[in-house]
$ cat work_19.csv   # CSV, C-alpha atoms
chain,number,residue,atom,x,y,z
N,2,MET,CA,-34.1,36.1,3.5
N,3,ALA,CA,-32.2,33.4,1.7
N,4,ASP,CA,-33.8,30.0,1.2
N,5,ALA,CA,-32.5,27.6,3.9
N,6,ALA,CA,-32.0,24.8,1.4
N,7,ASN,CA,-29.4,26.9,-0.5
N,8,GLN,CA,-27.3,27.9,2.5
N,9,ILE,CA,-23.9,26.4,3.0
N,10,PRO,CA,-23.5,24.7,6.4
N,11,ASP,CA,-21.1,26.4,8.8
N,12,ARG,CA,-19.3,23.2,9.5
N,13,ILE,CA,-19.4,19.7,8.1
N,14,PRO,CA,-18.4,16.6,10.2
N,15,ILE,CA,-15.9,14.3,8.5
N,16,ASN,CA,-14.0,11.2,9.5
N,17,LEU,CA,-10.4,10.7,8.5
N,18,VAL,CA,-8.1,7.8,9.3
N,19,VAL,CA,-4.7,9.6,9.6
N,20,ASN,CA,-1.7,7.4,10.2
N,21,GLY,CA,-4.0,4.6,11.4
N,22,VAL,CA,-5.9,6.8,13.9
N,23,ARG,CA,-9.6,7.7,13.3
N,24,HIS,CA,-10.4,11.4,13.7
N,25,THR,CA,-13.7,13.2,13.5
N,26,LEU,CA,-13.4,16.8,12.6
N,27,ASP,CA,-16.0,19.6,12.2
N,28,LEU,CA,-14.7,21.7,9.3
N,29,VAL,CA,-15.8,24.6,7.2
N,30,PRO,CA,-16.4,23.3,3.7
N,31,TRP,CA,-13.4,25.1,2.2
N,32,THR,CA,-10.8,23.6,4.5
N,33,THR,CA,-8.1,22.0,2.6
N,34,LEU,CA,-6.7,18.6,3.7
N,35,LEU,CA,-3.4,20.3,4.3
N,36,ASP,CA,-4.9,22.8,6.7
N,37,ALA,CA,-6.9,20.0,8.4
N,38,LEU,CA,-3.7,18.1,9.0
N,39,ARG,CA,-1.6,21.0,10.1
N,40,ASP,CA,-4.1,23.2,11.9
N,41,HIS,CA,-6.7,20.8,13.3
N,42,LEU,CA,-4.6,17.6,13.9
N,43,GLU,CA,-1.3,19.4,14.6
N,44,LEU,CA,0.6,17.1,12.1
N,45,THR,CA,3.0,19.7,10.9
N,46,GLY,CA,5.4,17.4,9.0
N,47,THR,CA,3.4,18.0,5.8
N,48,LYS,CA,4.5,21.4,4.6
N,49,LYS,CA,2.7,24.3,3.1
N,50,GLY,CA,4.8,25.4,0.1
N,51,CYS,CA,3.2,27.2,-2.8
N,52,ASP,CA,-0.5,26.5,-1.9
N,53,HIS,CA,-1.2,26.0,-5.6
N,54,GLY,CA,-0.2,22.3,-6.2
N,55,GLN,CA,3.0,23.3,-8.0
N,56,CYS,CA,5.8,22.3,-5.5
N,57,GLY,CA,4.7,19.0,-3.9
N,58,ALA,CA,5.8,20.0,-0.4
N,59,CYS,CA,2.3,19.0,0.8
N,60,THR,CA,2.2,15.5,-0.7
N,61,VAL,CA,0.5,12.9,1.4
N,62,LEU,CA,-0.8,9.4,0.6
N,63,ILE,CA,-4.6,9.1,0.4
N,64,ASP,CA,-5.7,5.5,0.2
N,65,GLY,CA,-2.2,4.7,-0.9
N,66,ARG,CA,-2.0,7.3,-3.8
N,67,ARG,CA,0.1,10.4,-3.7
N,68,VAL,CA,-1.9,13.6,-3.6
N,69,ASN,CA,-1.2,17.3,-3.2
N,70,SER,CA,-3.1,18.0,0.0
N,71,CYS,CA,-3.2,21.8,-0.7
N,72,LEU,CA,-5.5,21.2,-3.6
N,73,THR,CA,-7.8,18.7,-1.9
N,74,LEU,CA,-10.8,19.7,0.2
N,75,ALA,CA,-10.9,17.7,3.4
N,76,VAL,CA,-14.7,17.1,3.1
N,77,MET,CA,-14.0,15.3,-0.2
N,78,LYS,CA,-11.9,12.7,1.6
N,79,ASP,CA,-14.5,11.8,4.3
N,80,GLY,CA,-13.6,8.2,5.3
N,81,ALA,CA,-10.3,8.2,3.5
N,82,GLU,CA,-7.1,6.7,4.9
N,83,ILE,CA,-4.3,9.3,4.9
N,84,THR,CA,-0.6,8.7,5.5
N,85,THR,CA,1.6,11.6,6.3
N,86,ILE,CA,5.3,11.7,6.9
N,87,GLU,CA,4.6,11.1,10.6
N,88,GLY,CA,2.9,7.8,9.7
N,89,LEU,CA,5.6,6.1,7.6
N,90,ALA,CA,7.9,4.9,10.4
N,91,LYS,CA,6.7,1.9,12.3
N,92,ASP,CA,7.6,1.0,15.9
N,93,LEU,CA,10.5,3.5,16.0
N,94,THR,CA,11.9,1.9,12.8
N,95,LEU,CA,12.3,4.4,9.9
N,96,HIS,CA,10.6,3.6,6.6
N,97,PRO,CA,13.2,2.4,4.1
N,98,LEU,CA,12.8,5.7,2.2
N,99,GLN,CA,13.4,7.7,5.3
N,100,GLN,CA,16.6,5.7,6.0
N,101,ALA,CA,17.7,6.0,2.3
N,102,PHE,CA,17.2,9.8,2.4
N,103,ILE,CA,19.6,9.9,5.4
N,104,ASP,CA,22.0,7.5,3.9
N,105,HIS,CA,22.3,9.5,0.7
N,106,ASP,CA,22.1,13.0,2.3
N,107,ALA,CA,19.0,13.5,0.1
N,108,PHE,CA,18.0,16.8,1.7
N,109,GLN,CA,19.6,20.1,2.6
N,110,CYS,CA,17.2,22.5,4.1
N,111,GLY,CA,14.7,19.7,4.6
N,112,TYR,CA,11.5,21.7,3.7
N,113,CYS,CA,10.6,19.6,0.7
N,114,THR,CA,11.7,16.3,2.3
N,115,PRO,CA,8.4,15.1,3.8
N,116,GLY,CA,6.6,15.7,0.4
N,117,GLN,CA,9.5,14.0,-1.4
N,118,ILE,CA,9.4,11.0,0.8
N,119,CYS,CA,5.6,10.6,0.7
N,120,SER,CA,5.7,11.0,-3.1
N,121,ALA,CA,8.5,8.4,-3.3
N,122,ALA,CA,6.5,6.0,-1.2
N,123,GLY,CA,3.6,6.4,-3.6
N,124,LEU,CA,5.9,6.0,-6.5
N,125,LEU,CA,7.2,2.7,-5.0
N,126,ALA,CA,3.7,1.4,-4.5
N,127,GLU,CA,2.8,2.3,-8.1
N,128,GLY,CA,5.7,0.1,-9.3
N,129,ARG,CA,6.1,2.1,-12.5
N,130,ALA,CA,9.6,3.4,-12.1
N,131,ARG,CA,12.3,1.1,-13.4
N,132,ASP,CA,15.3,3.4,-13.7
N,133,ALA,CA,16.7,6.8,-12.7
N,134,ASP,CA,15.1,8.5,-15.7
N,135,GLU,CA,11.7,7.2,-14.8
N,136,ILE,CA,12.1,8.1,-11.2
N,137,ARG,CA,13.0,11.7,-12.2
N,138,GLU,CA,10.0,11.9,-14.5
N,139,LEU,CA,7.5,10.5,-12.0
N,140,MET,CA,8.9,12.7,-9.2
N,141,SER,CA,8.8,15.8,-11.3
N,142,GLY,CA,5.9,17.3,-9.3
N,143,ASN,CA,8.1,17.6,-6.2
N,144,LEU,CA,10.5,20.5,-6.3
N,145,CYS,CA,13.7,21.0,-4.2
N,146,ARG,CA,15.0,24.5,-4.1
N,147,CYS,CA,18.3,23.2,-2.8
N,148,GLY,CA,18.9,21.0,-5.8
N,149,ALA,CA,19.3,17.7,-4.0
N,150,TYR,CA,17.8,15.8,-6.9
N,151,PRO,CA,20.7,13.4,-7.6
N,152,ASN,CA,20.7,12.3,-4.0
N,153,ILE,CA,16.9,12.0,-3.9
N,154,VAL,CA,17.0,9.7,-7.0
N,155,ALA,CA,19.8,7.7,-5.4
N,156,ALA,CA,17.8,7.3,-2.2
N,157,ILE,CA,14.7,6.1,-4.1
N,158,GLN,CA,16.9,3.7,-6.0
N,159,GLN,CA,18.2,2.3,-2.7
N,160,ALA,CA,14.7,1.9,-1.4
N,161,MET,CA,13.7,0.1,-4.6
N,162,GLY,CA,16.7,-2.2,-4.1
N,163,ARG,CA,18.4,-1.0,-7.3
N,164,PRO,CA,21.9,0.6,-7.6

$ encode --input "work_19.csv" --output "structure tokens"
Amino acid sequence: MADAANQIPDRIPINLVVNGVRHTLDLVPWTTLLDALRDHLELTGTKKGCDHGQCGACTVLIDGRRVNSCLTLAVMKDGAEITTIEGLAKDLTLHPLQQAFIDHDAFQCGYCTPGQICSAAGLLAEGRARDADEIRELMSGNLCRCGAYPNIVAAIQQAMGRP
């Protein structure tokens, strides 16, 4: 019989504030934040792409920083504030990035769009991008199979208030 002190608990209670709403979840320790959002909170805007942190489709904001939720264990973010694509709009008003993506037709199939927009929101908060080249470099972890990159950059520039 295994020593009780060395056993992994079946479930761990965690608290997450997602889009301003506090949630208490009982999760198995290996549940990713992506799976907690999609499967336990039914917030399916965050997409499961590669499940290896290579495509950025699962990007969310954790305490204001952009993170690949497929590589993050939910239990590691106990108490964190998480913003998903569903939480960016306020009072039925689109976030400036959401509107800019529409204005610039910065999506085709739309699969990567939530991750692109969340990553761009983090990029804007970081304040490091000053021009299109820096936007491209700092957004390089978010892939778009449709090749909407020029329009994505233009949308981010619009949200930054730059031509």

$ residues_around --input "work_19.csv" --residues "stretch 54-64 of chain N" --least-positions-apart "2" --cutoff "9 Å" --atoms "all atoms listed in the file" --output "compact mmCIF listing (two decimals) with C-alpha atoms, keeping the file's coordinate frame"
# COMPACT_ATOMS: atom_id res chain seq x y z
CA LEU N 35 -3.40 20.30 4.30
CA GLY N 46 5.40 17.40 9.00
CA THR N 47 3.40 18.00 5.80
CA LYS N 48 4.50 21.40 4.60
CA LYS N 49 2.70 24.30 3.10
CA GLY N 50 4.80 25.40 0.10
CA CYS N 51 3.20 27.20 -2.80
CA ASP N 52 -0.50 26.50 -1.90
CA ARG N 66 -2.00 7.30 -3.80
CA ARG N 67 0.10 10.40 -3.70
CA VAL N 68 -1.90 13.60 -3.60
CA ASN N 69 -1.20 17.30 -3.20
CA SER N 70 -3.10 18.00 0.00
CA CYS N 71 -3.20 21.80 -0.70
CA LEU N 72 -5.50 21.20 -3.60
CA LYS N 78 -11.90 12.70 1.60
CA ALA N 81 -10.30 8.20 3.50
CA GLU N 82 -7.10 6.70 4.90
CA ILE N 83 -4.30 9.30 4.90
CA THR N 84 -0.60 8.70 5.50
CA THR N 85 1.60 11.60 6.30
CA ILE N 86 5.30 11.70 6.90
CA TYR N 112 11.50 21.70 3.70
CA CYS N 113 10.60 19.60 0.70
CA THR N 114 11.70 16.30 2.30
CA PRO N 115 8.40 15.10 3.80
CA GLY N 116 6.60 15.70 0.40
CA GLN N 117 9.50 14.00 -1.40
CA ILE N 118 9.40 11.00 0.80
CA CYS N 119 5.60 10.60 0.70
CA SER N 120 5.70 11.00 -3.10
CA ALA N 122 6.50 6.00 -1.20
CA GLY N 123 3.60 6.40 -3.60
CA GLY N 142 5.90 17.30 -9.30
CA ASN N 143 8.10 17.60 -6.20
CA LEU N 144 10.50 20.50 -6.30
CA CYS N 145 13.70 21.00 -4.20

$ atom_distance --input "work_19.csv" --atom1 "atom CA of N:Arg12" --atom2 "atom CA of N:Asp27"
5.6 Å

$ closest_residue --input "work_19.csv" --among "N:Val18, N:Ile13, N:Leu38, N:Ala121" --to "N:Leu139" --atoms "all atoms listed in the file"
N:Ala121

$ atom_distance --input "work_19.csv" --atom1 "atom CA of N:Leu34" --atom2 "atom CA of N:Leu74"
5.5 Å

$ atom_distance --input "work_19.csv" --atom1 "atom CA of N:Asp104" --atom2 "atom CA of N:Glu138"
22.4 Å

$ residues_around --input "work_19.csv" --residues "N:Asp79" --least-positions-apart "3" --cutoff "7 Å" --atoms "all atoms listed in the file" --output "ChimeraX atom specification"
/N:15-17,75-76

$ closest_residue --input "work_19.csv" --among "N:His24, N:Glu87, N:Gln8, N:Gln158" --to "N:Leu44" --atoms "all atoms listed in the file"
N:Glu87

$ residues_around --input "work_19.csv" --residues "N:Ala160" --least-positions-apart "5" --cutoff "10 Å" --atoms "only C-alpha atoms" --output "list in words"
His96, Pro97, Leu98, Gln99, Gln100, Ala101, Phe102, Ala121, Ala122, Leu125, Val154 and Ala155 of chain N

$ closest_residue --input "work_19.csv" --among "N:Arg39, N:Arg146, N:Lys91, N:Arg163" --to "N:Asp132" --atoms "only C-alpha atoms"
N:Arg163
